[in-house]
Structure formats: structure tokens, C-alpha cells
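Asks: Take a look at my_file.txt, compact mmCIF, C-alpha atoms and all ligand atoms:
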# COMPACT_ATOMS: atom_id res chain seq x y z
CA MET A 23 -72.46 -2.33 35.23
CA ILE A 24 -70.93 0.35 37.43
CA GLY A 25 -69.77 -2.35 39.82
CA THR A 26 -68.00 -4.22 37.04
CA PHE A 27 -66.40 -1.01 35.82
CA LYS A 28 -65.14 -0.20 39.29
CA LYS A 29 -63.72 -3.65 39.70
CA TRP A 30 -61.95 -3.45 36.36
CA VAL A 31 -60.66 0.03 37.08
CA SER A 32 -59.03 -0.85 40.35
CA GLY A 33 -58.36 -4.49 39.52
CA SER A 34 -59.14 -5.13 43.14
CA THR A 35 -60.83 -7.94 44.97
CA THR A 36 -60.03 -6.88 48.54
CA GLU A 37 -61.60 -3.42 48.32
CA GLN A 38 -63.21 -2.14 51.53
CA VAL A 39 -62.63 -5.44 53.31
CA LEU A 40 -59.41 -4.68 55.19
CA SER A 41 -58.97 -1.94 57.78
CA GLU A 42 -56.37 0.79 57.21
CA GLN A 43 -54.00 -0.91 59.64
CA GLU A 44 -54.46 -4.31 58.00
CA MET A 45 -53.82 -2.79 54.59
CA TYR A 46 -50.63 -1.18 55.89
CA GLU A 47 -49.43 -4.50 57.31
CA GLN A 48 -50.26 -6.26 54.06
CA ILE A 49 -48.26 -3.70 52.06
CA GLN A 50 -45.21 -4.28 54.28
CA LYS A 51 -45.01 -7.92 53.13
CA HIS A 52 -43.93 -7.06 49.57
CA PRO A 53 -41.72 -4.43 47.90
CA VAL A 54 -43.42 -1.07 47.37
CA PRO A 55 -43.11 0.81 44.06
CA GLU A 56 -39.93 2.90 44.01
CA HIS A 57 -41.41 5.74 42.00
CA ILE A 58 -45.10 6.66 41.93
CA GLY A 59 -46.59 9.30 39.62
CA ILE A 60 -50.02 10.72 40.39
CA ILE A 61 -52.35 12.59 38.04
CA MET A 62 -54.33 14.50 40.65
CA ASP A 63 -57.61 15.10 38.86
CA GLY A 64 -61.15 16.01 39.91
CA ASN A 65 -60.83 19.13 42.09
CA GLY A 66 -63.28 21.09 39.95
CA ARG A 67 -65.95 18.38 39.99
CA TRP A 68 -65.51 17.95 43.75
CA ALA A 69 -66.26 21.65 44.22
CA LYS A 70 -69.14 21.66 41.74
CA LYS A 71 -70.85 18.81 43.61
CA ARG A 72 -70.83 21.04 46.69
CA GLY A 73 -71.91 24.22 44.88
CA LEU A 74 -68.49 25.77 45.56
CA PRO A 75 -66.12 27.63 43.21
CA ARG A 76 -63.47 25.51 41.48
CA THR A 77 -60.80 27.17 43.61
CA ALA A 78 -62.36 25.59 46.73
CA GLY A 79 -61.71 22.23 45.07
CA HIS A 80 -58.07 23.15 44.55
CA ALA A 81 -57.76 24.18 48.22
CA ALA A 82 -59.19 20.81 49.27
CA GLY A 83 -56.86 19.14 46.78
CA MET A 84 -53.86 20.77 48.41
CA LYS A 85 -54.78 19.20 51.76
CA ARG A 86 -54.79 15.85 49.97
CA VAL A 87 -51.35 16.60 48.54
CA ARG A 88 -50.01 17.05 52.08
CA GLU A 89 -51.58 13.75 53.26
CA THR A 90 -50.37 11.87 50.19
CA ILE A 91 -46.78 13.03 50.70
CA ARG A 92 -46.92 11.86 54.33
CA ILE A 93 -48.30 8.46 53.38
CA ALA A 94 -45.75 7.92 50.59
CA ASN A 95 -42.91 8.98 52.86
CA ASP A 96 -44.07 6.68 55.68
CA LEU A 97 -44.19 3.76 53.22
CA GLY A 98 -40.61 4.36 52.10
CA ILE A 99 -41.46 5.35 48.52
CA LYS A 100 -38.24 6.67 46.92
CA ALA A 101 -39.78 9.15 44.48
CA LEU A 102 -43.23 10.72 44.20
CA THR A 103 -44.16 12.81 41.17
CA LEU A 104 -47.32 14.90 41.51
CA TYR A 105 -48.85 16.27 38.31
CA SER A 106 -49.96 19.66 39.58
CA PHE A 107 -50.31 21.86 36.50
CA SER A 108 -49.97 20.86 32.85
CA THR A 109 -48.84 22.98 29.91
CA GLU A 110 -52.46 22.62 28.69
CA ASN A 111 -53.87 23.99 31.97
CA PHE A 112 -52.79 27.49 30.84
CA LYS A 113 -55.97 27.39 28.72
CA ARG A 114 -58.05 27.83 31.91
CA PRO A 115 -59.47 31.21 33.06
CA LYS A 116 -56.76 33.60 34.24
CA GLU A 117 -58.09 33.65 37.81
CA GLU A 118 -57.94 29.88 38.13
CA VAL A 119 -54.42 29.72 36.67
CA GLU A 120 -53.33 32.40 39.14
CA TYR A 121 -54.94 30.61 42.08
CA LEU A 122 -53.19 27.35 41.19
CA MET A 123 -49.86 29.07 40.60
CA LYS A 124 -50.06 30.72 44.02
CA LEU A 125 -50.61 27.45 45.89
CA PRO A 126 -46.86 26.71 46.12
CA ILE A 127 -46.41 30.00 48.02
CA GLU A 128 -49.00 28.91 50.57
CA PHE A 129 -47.55 25.40 50.67
CA LEU A 130 -44.09 26.81 51.38
CA ARG A 131 -45.41 28.65 54.42
CA THR A 132 -47.34 25.70 55.84
CA ASP A 133 -45.28 22.67 54.83
CA LEU A 134 -41.63 23.53 54.24
CA GLN A 135 -40.55 22.69 57.78
CA GLU A 136 -42.26 19.31 57.80
CA LEU A 137 -40.65 18.35 54.48
CA VAL A 138 -37.24 19.42 55.78
CA ASP A 139 -37.80 17.36 58.95
CA ARG A 140 -38.89 14.35 56.90
CA ASN A 141 -35.67 14.56 54.84
CA VAL A 142 -37.73 15.01 51.62
CA LYS A 143 -35.96 16.50 48.59
CA VAL A 144 -38.30 18.76 46.59
CA GLN A 145 -37.82 19.42 42.87
CA MET A 146 -39.79 21.16 40.17
CA LEU A 147 -40.39 19.40 36.86
CA GLY A 148 -41.61 21.72 34.16
CA ASP A 149 -41.00 24.74 31.99
CA LYS A 150 -39.68 27.51 34.26
CA GLU A 151 -40.13 30.17 31.57
CA LYS A 152 -43.86 29.50 31.35
CA THR A 153 -44.20 29.67 35.15
CA PRO A 154 -44.92 32.98 36.94
CA SER A 155 -41.90 34.32 38.84
CA TYR A 156 -43.68 34.13 42.23
CA THR A 157 -44.31 30.41 41.70
CA GLN A 158 -40.71 29.88 40.60
CA SER A 159 -39.42 31.67 43.72
CA ALA A 160 -41.49 29.49 46.04
CA LEU A 161 -40.35 26.31 44.30
CA ARG A 162 -36.76 27.53 44.27
CA GLU A 163 -36.98 28.07 48.02
CA PHE A 164 -38.21 24.49 48.48
CA GLU A 165 -35.34 23.24 46.31
CA VAL A 166 -32.70 25.23 48.17
CA GLN A 167 -33.97 24.34 51.63
CA THR A 168 -34.22 20.62 50.85
CA GLU A 169 -31.23 20.37 48.50
CA HIS A 170 -29.11 18.22 50.82
CA ASN A 171 -31.96 15.98 51.95
CA THR A 172 -31.42 12.32 51.15
CA GLY A 173 -34.91 10.85 51.62
CA MET A 174 -37.88 10.72 49.28
CA ILE A 175 -37.66 12.80 46.10
CA LEU A 176 -40.81 14.85 45.66
CA ASN A 177 -41.32 16.18 42.14
CA PHE A 178 -43.94 18.84 41.55
CA ALA A 179 -44.78 18.72 37.84
CA ILE A 180 -45.81 22.31 37.19
CA SER A 181 -46.09 23.87 33.71
CA TYR A 182 -45.23 20.32 32.74
CA GLY A 183 -45.97 18.69 29.42
CA SER A 184 -44.31 15.48 28.37
CA ARG A 185 -44.24 16.35 24.67
CA ASP A 186 -42.56 19.65 25.55
CA GLU A 187 -40.05 17.78 27.67
CA ILE A 188 -39.27 15.32 24.86
CA LEU A 189 -38.82 18.12 22.32
CA GLN A 190 -36.44 19.92 24.67
CA ALA A 191 -34.42 16.72 25.10
CA ILE A 192 -34.22 16.28 21.31
CA ARG A 193 -32.97 19.84 20.90
CA GLU A 194 -30.27 19.27 23.51
CA ILE A 195 -29.16 16.01 21.94
CA ILE A 196 -28.96 17.59 18.47
CA GLU A 197 -26.77 20.30 19.95
CA GLU A 198 -24.47 17.65 21.44
CA VAL A 199 -24.24 15.95 18.04
CA GLU A 200 -23.51 19.25 16.29
CA LYS A 201 -20.76 20.02 18.78
CA GLY A 202 -19.30 16.59 18.07
CA ASN A 203 -19.68 15.47 21.72
CA ILE A 204 -21.68 12.44 20.66
CA ASP A 205 -22.22 10.54 17.42
CA LYS A 206 -25.79 10.07 16.21
CA ASP A 207 -25.38 6.28 16.40
CA GLN A 208 -24.59 6.68 20.09
CA ILE A 209 -28.06 8.06 20.90
CA THR A 210 -29.46 5.30 23.10
CA GLU A 211 -32.58 5.13 25.28
CA GLN A 212 -30.30 5.99 28.19
CA VAL A 213 -29.07 9.16 26.42
CA MET A 214 -32.69 10.19 25.90
CA SER A 215 -33.60 9.46 29.55
CA ASP A 216 -30.59 11.50 30.68
CA HIS A 217 -31.91 14.55 28.83
CA LEU A 218 -35.38 14.44 30.35
CA LEU A 219 -36.39 16.43 33.44
CA THR A 220 -36.58 13.16 35.41
CA ARG A 221 -32.91 12.36 34.77
CA GLY A 222 -31.41 10.32 37.60
CA ILE A 223 -34.81 9.15 38.85
CA PRO A 224 -35.98 5.63 37.93
CA ASP A 225 -39.01 5.42 35.63
CA PRO A 226 -42.32 5.33 37.51
CA ASP A 227 -43.40 1.83 38.56
CA LEU A 228 -46.95 2.97 39.17
CA ILE A 229 -49.07 5.78 37.72
CA ILE A 230 -52.29 6.64 39.53
CA ARG A 231 -55.08 8.83 38.19
CA SER A 232 -58.09 9.98 40.19
CA SER A 233 -61.55 11.17 39.05
CA GLY A 234 -62.46 8.32 36.70
CA GLU A 235 -60.72 9.68 33.60
CA ILE A 236 -58.84 6.90 31.83
CA ARG A 237 -56.16 8.90 30.07
CA ILE A 238 -52.63 10.16 30.55
CA SER A 239 -53.01 13.84 29.55
CA ASN A 240 -49.38 14.41 28.51
CA PHE A 241 -47.76 13.03 31.68
CA LEU A 242 -44.37 11.22 31.59
CA LEU A 243 -44.97 9.70 28.13
CA TRP A 244 -41.43 8.40 27.65
CA GLN A 245 -40.99 7.30 31.25
CA LEU A 246 -44.23 5.31 31.56
CA ALA A 247 -43.36 2.74 28.85
CA TYR A 248 -43.61 -0.07 31.42
CA SER A 249 -45.43 1.58 34.31
CA GLU A 250 -48.43 -0.10 35.86
CA LEU A 251 -51.50 2.13 35.48
CA TRP A 252 -54.17 2.39 38.18
CA PHE A 253 -57.35 4.43 37.93
CA THR A 254 -59.90 5.30 40.57
CA GLU A 255 -63.23 7.09 40.38
CA GLU A 256 -62.51 9.01 43.60
CA LEU A 257 -62.08 12.73 42.97
CA TRP A 258 -58.68 14.03 44.07
CA PRO A 259 -59.89 15.79 47.27
CA ASP A 260 -61.42 12.42 48.31
CA PHE A 261 -58.26 10.42 47.60
CA SER A 262 -57.97 8.85 51.04
CA LYS A 263 -55.24 6.82 52.67
CA LYS A 264 -57.27 3.66 52.01
CA VAL A 265 -57.54 4.42 48.30
CA PHE A 266 -53.78 5.03 48.11
CA TYR A 267 -53.09 1.81 50.00
CA GLN A 268 -55.41 -0.05 47.63
CA ALA A 269 -53.46 1.21 44.62
CA ILE A 270 -50.26 -0.13 46.13
CA LEU A 271 -51.81 -3.46 47.13
CA ASP A 272 -53.11 -3.92 43.59
CA PHE A 273 -49.69 -2.97 42.18
CA GLN A 274 -48.08 -5.62 44.35
CA LYS A 275 -50.36 -8.28 42.81
CA ARG A 276 -49.48 -7.37 39.22
CA ASN A 277 -47.10 -9.47 37.20
CA ARG A 278 -44.67 -7.20 35.35
CA ARG A 279 -43.29 -9.07 32.35
CA TYR A 280 -41.52 -6.34 30.34
CA GLY A 281 -42.24 -8.24 27.15
CA ALA A 282 -40.84 -11.53 28.38
CA VAL A 283 -42.88 -14.67 29.13
C1 LIG B 301 -57.08 18.71 38.92
O1 LIG B 301 -58.43 19.00 39.01
C2 LIG B 301 -56.21 19.92 39.15
C3 LIG B 301 -55.58 20.42 37.93
C4 LIG B 301 -55.65 19.92 36.73
C5 LIG B 301 -54.79 21.63 38.07
P1 LIG B 301 -59.26 19.70 37.84
O2 LIG B 301 -59.20 21.16 38.08
O3 LIG B 301 -58.82 19.24 36.52
O4 LIG B 301 -60.70 19.15 38.18
P2 LIG B 301 -61.83 18.69 37.16
O5 LIG B 301 -61.21 17.70 36.25
O6 LIG B 301 -62.30 19.91 36.46
O7 LIG B 301 -62.87 18.08 38.04
C1 LIG B 302 -54.37 16.56 34.06
O1 LIG B 302 -55.66 16.93 34.41
C2 LIG B 302 -53.38 17.54 34.55
C3 LIG B 302 -53.19 17.59 36.00
C4 LIG B 302 -53.74 16.80 36.87
C5 LIG B 302 -52.30 18.61 36.47
P1 LIG B 302 -56.62 17.74 33.41
O2 LIG B 302 -57.89 17.93 34.12
O3 LIG B 302 -55.91 18.95 32.94
O4 LIG B 302 -56.73 16.72 32.20
P2 LIG B 302 -57.81 16.60 31.05
O5 LIG B 302 -58.00 17.96 30.47
O6 LIG B 302 -59.06 16.08 31.68
O7 LIG B 302 -57.21 15.60 30.11
MG MG B 303 -59.42 17.71 35.32
Could you take the file, read its structure, and then write that structure out as C-alpha cells?
Ligand code: IPE
Ligand code: IPE
Ligand code: MG
Replies:
Amino acid sequence: MIGTFKKWVSGSTTEQVLSEQEMYEQIQKHPVPEHIGIIMDGNGRWAKKRGLPRTAGHAAGMKRVRETIRIANDLGIKALTLYSFSTENFKRPKEEVEYLMKLPIEFLRTDLQELVDRNVKVQMLGDKEKTPSYTQSALREFEVQTEHNTGMILNFAISYGSRDEILQAIREIIEEVEKGNIDKDQITEQVMSDHLLTRGIPDPDLIIRSSGEIRISNFLLWQLAYSELWFTEELWPDFSKKVFYQAILDFQKRNRRYGAV
């Protein structure tokens, strides 16, 4: 039963058969997704399994963030969006929220230079007003230091909620209509997309979620209309290079029809 579930979840038949190098070579034979979104879930359960505090899971998760960015960049992915903290995550204990919100400060110290060297452009997606000022400053520093980079776009979705984002876009569009800049009949899908935080970035081709949860949890609801979804039971701190490669290999085998035959 579990075996069947796993197979269905990953949609994979080549799992664990190929070596890392073979998987990499296989991936090179076909186009890679341009934009990948990842719901990085399972840090708490990873820590619990080891009798550690949840924060230890988040620390381990941050190491995986670093590795994942490197892998995506080496594969030539154009945009990577990492769901790091949702608007709903503010419901967690104050200490945990604070720990998570301080991770960008640490990440700035340890990883800024590498991201600059890799020509990665870092952006924050989310509600700045809900975000503590120290987190905003660290993210701002990333944005300023990588502003002119032309390589992979790295979006950190922090204090991000897709419904929030959609409501904000609606408010902006109504304002445009009221000012007479645009007629209500001229509100197209493109107009909507242009008012979202992801404006200018193509919709995600592939959404990955770790930890075995099969849900979206308020992530990129508008943008994922035609994304391929890929779920794994691995907890985020265990999300290895092989698992990431497998997601991309499976994506490459999918037949995207967009409603056509
Ligand atoms: C993902 O791990 C990190 C965030 C949502 C911030 P969780 O903290 O949700 O881990 P679980 O789901 O409790 O295992
Ligand atoms: C989704 O994970 C949000 C992030 C990964 C940042 P959650 O752990 O918050 O999602 P639910 O509560 O299980 O839906
Ligand atoms: Mg979770």
C-alpha cells in the first residue's frame, strides 16, 4: 500500500535506479522547468523524530535551502520560488516565528557572497508590513546587492499568502479603473498577472512539496493554474539532490496539454 502510494506520489518508475551523475546527464537531454516553486515542509517533524526542538529542524532546513539553490542554479533554472513563511505561519508560537524571521539575517552573513558570485537575483515575495523590520532589512540587503544580477531569480516567499496577494492586486486594479487609467472590460488575465508579486516572472512550470502533505497551503494560487505538481514524502531537511533530480526527471516525462488534445 505504502509502495503504491509512493509510486503515485512521485509518478516515478526510475526511482533509486540511476546514480546522481546519471540522473544529471538524463536531465540534460530535455528542457528543464523555467520556474520551480517549492513548498518546503517537514522541518518540525524532522526535528521531532530526533527528539530535537522544532528550531533545530529549521536550521537543518536552511542548509537544504542553500543546497537546493546551488542545484537549481547549476541546472540553469531561470526562477526558483521558495515558500519560506506563510501568512498563516504567524499563528505559531512567538519564539518559533522569531527564529524563522531571523534566518534571513544569518543567511545574509553566510550566503550573500556566493549568490552574488553566482549572478543570482534575490527578491522577496510577501507582505512587507507583516514582516519584522530586521527581516526586511536583511532581505533588502540581498535585493540591493544582487539587483543588477542577470542569472537565476530567487524568490523568498516570506509573510506570503496567495489570497492576500490576489486581494491586493484587485485593490490596485480597482484604483486604476477609478482613476480612469483602464476600463473594466480591459481587465485581462495579463492585467491580473501584472499586479501580482510575481509580475514579470513566468508562471511556475513545476511545484514541489515535501513531507507527504498533498496540499497547496495558499501558495501561488493564480500562478499554478497549469503547473505540474510533484509531492514527495521526504521531509524538507532530507530533500536531497537525488530527490530534486527525480522531481525534474518526472516533470520531463509529463505531457502538458493546457486543455488541448
Ligand atoms: C516547514 O516546516 C517550514 C515552515 C512552514 C516555516 P514545518 O515547520 O511546517 O514542519 P512540520 O510541518 O511541522 O513538520
Ligand atoms: C506551508 O507549510 C508553508 C511553508 C512551507 C512556508 P505549513 O506547514 O505551514 O502548511 P500546513 O499548515 O501544513 O498546510
Ligand atoms: Mg508544516
Asks: Considering all atoms listed in the file, tabulate each residue of chain A that lies at most 6 Å from ligand LIG 302 (chain B) along with its nearest interatomic pair and the corresponding distance in Å to one decimal; arrange the rows by chain and ascending residue number and present them as a Markdown table.
Replies:
| residue | atom | partner | partner_atom | distance |
| --- | --- | --- | --- | --- |
| A:Ile61 | CA | B:LIG302 | C4 | 4.6 |
| A:Met62 | CA | B:LIG302 | C4 | 4.5 |
| A:Asp63 | CA | B:LIG302 | C4 | 4.7 |
| A:Tyr105 | CA | B:LIG302 | C5 | 4.6 |
| A:Ser106 | CA | B:LIG302 | C5 | 4.0 |
| A:Phe107 | CA | B:LIG302 | C5 | 3.8 |
| A:Ser108 | CA | B:LIG302 | C5 | 4.9 |
| A:Asn111 | CA | B:LIG302 | O3 | 5.5 |
| A:Ser239 | CA | B:LIG302 | O7 | 4.6 |
Asks: List as a ChimeraX atom specification the protein and nucleic acid residues lying within 9 Å of ligand MG 303 (chain B), with only C-alpha atoms and all ligand atoms counted.
Replies: /A:62-67,233,235
Asks: Could you check which residues have any atom within 6 Å of (-33.7, 11.6, 23.0), counting only C-alpha atoms with coordinates taken straight from the file, and then list them as a PDB file with C-alpha atoms, keeping the file's coordinate frame?
Replies:
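This went into result05.pdb:
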ATOM      1  CA  ALA A 191     -34.420  16.720  25.100  1.00  0.00           C
ATOM      2  CA  ILE A 192     -34.220  16.280  21.310  1.00  0.00           C
ATOM      3  CA  MET A 214     -32.690  10.190  25.900  1.00  0.00           C
TER       4      MET A 214
END
Asks: Counting all atoms listed in the file, write as a count of residues only all protein and nucleic acid residues lying at most 6 Å from (-48.3, -0.2, 37.0) in the file's frame.
Replies: 5
Asks: Rounded to one decimal, what separation in Å do you get between atom CA of A:Leu134 and atom CA of A:Asn95?
Replies: 14.7 Å
Asks: Kindly give the distance, in Å, that separates atom CA of A:Gly281 and atom CA of A:Ser215, rounded to a single decimal.
Replies: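 A separation of 19.8 Å between them.
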Asks: When you draw a straight line from atom CA of A:Tyr121 to atom CA of A:Ile238, how long is it in Å?
Replies: 23.6 Å
Asks: Using all atoms listed in the file, pick whichever of A:Lys201, A:Lys206, A:Arg131, A:Lys100 has the shortest atom-to-atom distance to A:Pro55.
Replies: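 Smallest distance to A:Pro55 is found for A:Lys100.
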Asks: Using all atoms listed in the file, can you tell me which of A:Glu89, A:Glu44, A:Asp186, A:Asp205 comes closest to A:Thr109?
Replies: A:Asp186
Asks: I need the residue nearest A:Met123 from this list: A:Ile175, A:Ile180, A:Ile93, A:Ala82. Use only C-alpha atoms for the distance.
Replies: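 Of all the options, A:Ile180 lies closest to A:Met123.
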Asks: Would you please work out which residue, of A:Ile127, A:Ala269, A:Leu40, A:Ala81, is nearest to ligand LIG 301 (chain B) when using all atoms listed in the file?
Replies: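 Distance minimum relative to ligand LIG 301 (chain B) lands on A:Ala81.
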Asks: Give me, as a list in words, all polymer residues having an atom no more than 8 Å from stretch 221-225 of chain A, counting all atoms listed in the file and skipping those fewer than 6 positions away in the same chain.
Replies: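 Non-adjacent residues within range: Glu56, His57, Ala101, Ser215, Gln245, Leu246 and Ser249 of chain A.
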Asks: Include C-alpha atoms and write out the residues we just selected as a CSV table (one decimal), in the frame of the given file.
Replies:
chain,number,residue,atom,x,y,z
A,56,GLU,CA,-39.9,2.9,44.0
A,57,HIS,CA,-41.4,5.7,42.0
A,101,ALA,CA,-39.8,9.2,44.5
A,215,SER,CA,-33.6,9.5,29.6
A,245,GLN,CA,-41.0,7.3,31.2
A,246,LEU,CA,-44.2,5.3,31.6
A,249,SER,CA,-45.4,1.6,34.3
Asks: Which of these residues is nearest to ligand LIG 301 (chain B), using only C-alpha atoms and all ligand atoms: A:Ile91, A:Ala282, A:Val54, A:Ile236?
Replies: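 Residue with the minimum atom-to-atom distance to ligand LIG 301 (chain B): A:Ile236.
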Asks: Between A:Leu257, A:Val283, A:Leu176, A:Val265, single out the one closest to ligand LIG 301 (chain B), counting all atoms listed in the file.
Replies: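 With all atoms listed in the file as the atom set, the closest residue is A:Leu257.
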Asks: Counting only C-alpha atoms, give me one row per residue of stretch 95-198 of chain A with an atom at most 10 Å from an atom of stretch 71-80 of chain A, showing the shortest contact pair and its distance in Å to one decimal, sorted by chain then residue number, as JSON lines.
Replies:
{"residue": "A:Glu117", "atom": "CA", "partner": "A:Thr77", "partner_atom": "CA", "distance": 9.1}
{"residue": "A:Glu118", "atom": "CA", "partner": "A:Thr77", "partner_atom": "CA", "distance": 6.7}
{"residue": "A:Val119", "atom": "CA", "partner": "A:Thr77", "partner_atom": "CA", "distance": 9.8}
{"residue": "A:Tyr121", "atom": "CA", "partner": "A:Thr77", "partner_atom": "CA", "distance": 7.0}
{"residue": "A:Leu122", "atom": "CA", "partner": "A:His80", "partner_atom": "CA", "distance": 7.3}
{"residue": "A:Leu125", "atom": "CA", "partner": "A:His80", "partner_atom": "CA", "distance": 8.7}
Asks: Edge lengths and centre in Å to one decimal, as lines of an AutoDock Vina configuration file, of the axis-aligned box that encloses all listed atoms of ligand LIG 301 (chain B) with 8 Å added on every side?
Replies:
center_x = -58.8
center_y = 19.7
center_z = 37.7
size_x = 24.1
size_y = 19.9
size_z = 18.9
Asks: Find the spatial neighbours of A:Gln48, counting all atoms listed in the file, within a cut-off of 12 Å - ignore same-chain residues fewer than 4 positions away - and output them as a count of residues only.
Replies: 17
Asks: Only N, CA and C atoms, please: stretch 43-65 of chain A from the block, as a short mmCIF file (atom, residue, chain, number, x, y, z; two decimals), in the first residue's frame.
Replies:
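File selection.cif, as written:
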data_model
loop_
_atom_site.label_atom_id
_atom_site.label_comp_id
_atom_site.auth_asym_id
_atom_site.auth_seq_id
_atom_site.Cartn_x
_atom_site.Cartn_y
_atom_site.Cartn_z
N GLN A 43 24.98 11.18 -10.95
CA GLN A 43 25.59 11.62 -12.21
C GLN A 43 24.74 11.22 -13.42
N GLU A 44 24.23 9.99 -13.38
CA GLU A 44 23.37 9.52 -14.47
C GLU A 44 22.08 10.34 -14.55
N MET A 45 21.54 10.66 -13.38
CA MET A 45 20.32 11.47 -13.35
C MET A 45 20.59 12.84 -13.96
N TYR A 46 21.73 13.42 -13.60
CA TYR A 46 22.11 14.74 -14.11
C TYR A 46 22.20 14.70 -15.64
N GLU A 47 22.87 13.66 -16.14
CA GLU A 47 23.03 13.52 -17.59
C GLU A 47 21.69 13.33 -18.29
N GLN A 48 20.82 12.57 -17.66
CA GLN A 48 19.48 12.34 -18.20
C GLN A 48 18.70 13.66 -18.29
N ILE A 49 18.80 14.46 -17.23
CA ILE A 49 18.09 15.75 -17.20
C ILE A 49 18.55 16.66 -18.35
N GLN A 50 19.84 16.61 -18.64
CA GLN A 50 20.40 17.48 -19.70
C GLN A 50 19.80 17.21 -21.08
N LYS A 51 19.18 16.05 -21.27
CA LYS A 51 18.67 15.70 -22.59
C LYS A 51 17.36 16.40 -22.96
N HIS A 52 16.70 16.98 -21.98
CA HIS A 52 15.40 17.62 -22.24
C HIS A 52 15.37 19.00 -21.57
N PRO A 53 14.43 19.87 -21.99
CA PRO A 53 14.36 21.18 -21.34
C PRO A 53 14.01 21.04 -19.85
N VAL A 54 14.61 21.88 -19.03
CA VAL A 54 14.28 21.88 -17.60
C VAL A 54 13.16 22.89 -17.37
N PRO A 55 12.39 22.75 -16.27
CA PRO A 55 11.36 23.76 -16.00
C PRO A 55 12.01 25.14 -15.86
N GLU A 56 11.33 26.16 -16.36
CA GLU A 56 11.90 27.52 -16.25
C GLU A 56 11.76 28.05 -14.83
N HIS A 57 10.58 27.80 -14.27
CA HIS A 57 10.29 28.33 -12.92
C HIS A 57 9.82 27.18 -12.03
N ILE A 58 10.49 26.99 -10.93
CA ILE A 58 10.11 25.95 -9.97
C ILE A 58 9.70 26.62 -8.65
N GLY A 59 8.58 26.21 -8.09
CA GLY A 59 8.17 26.67 -6.77
C GLY A 59 8.28 25.51 -5.80
N ILE A 60 8.80 25.76 -4.61
CA ILE A 60 8.92 24.66 -3.64
C ILE A 60 8.25 25.03 -2.31
N ILE A 61 7.35 24.16 -1.87
CA ILE A 61 6.74 24.27 -0.54
C ILE A 61 7.61 23.42 0.38
N MET A 62 8.45 24.10 1.13
CA MET A 62 9.48 23.40 1.93
C MET A 62 8.87 23.01 3.27
N ASP A 63 8.33 21.82 3.35
CA ASP A 63 7.58 21.44 4.55
C ASP A 63 8.23 20.23 5.24
N GLY A 64 8.09 20.17 6.56
CA GLY A 64 8.51 18.99 7.30
C GLY A 64 9.68 19.21 8.27
N ASN A 65 10.08 20.45 8.46
CA ASN A 65 11.20 20.72 9.38
C ASN A 65 10.88 20.28 10.81
#
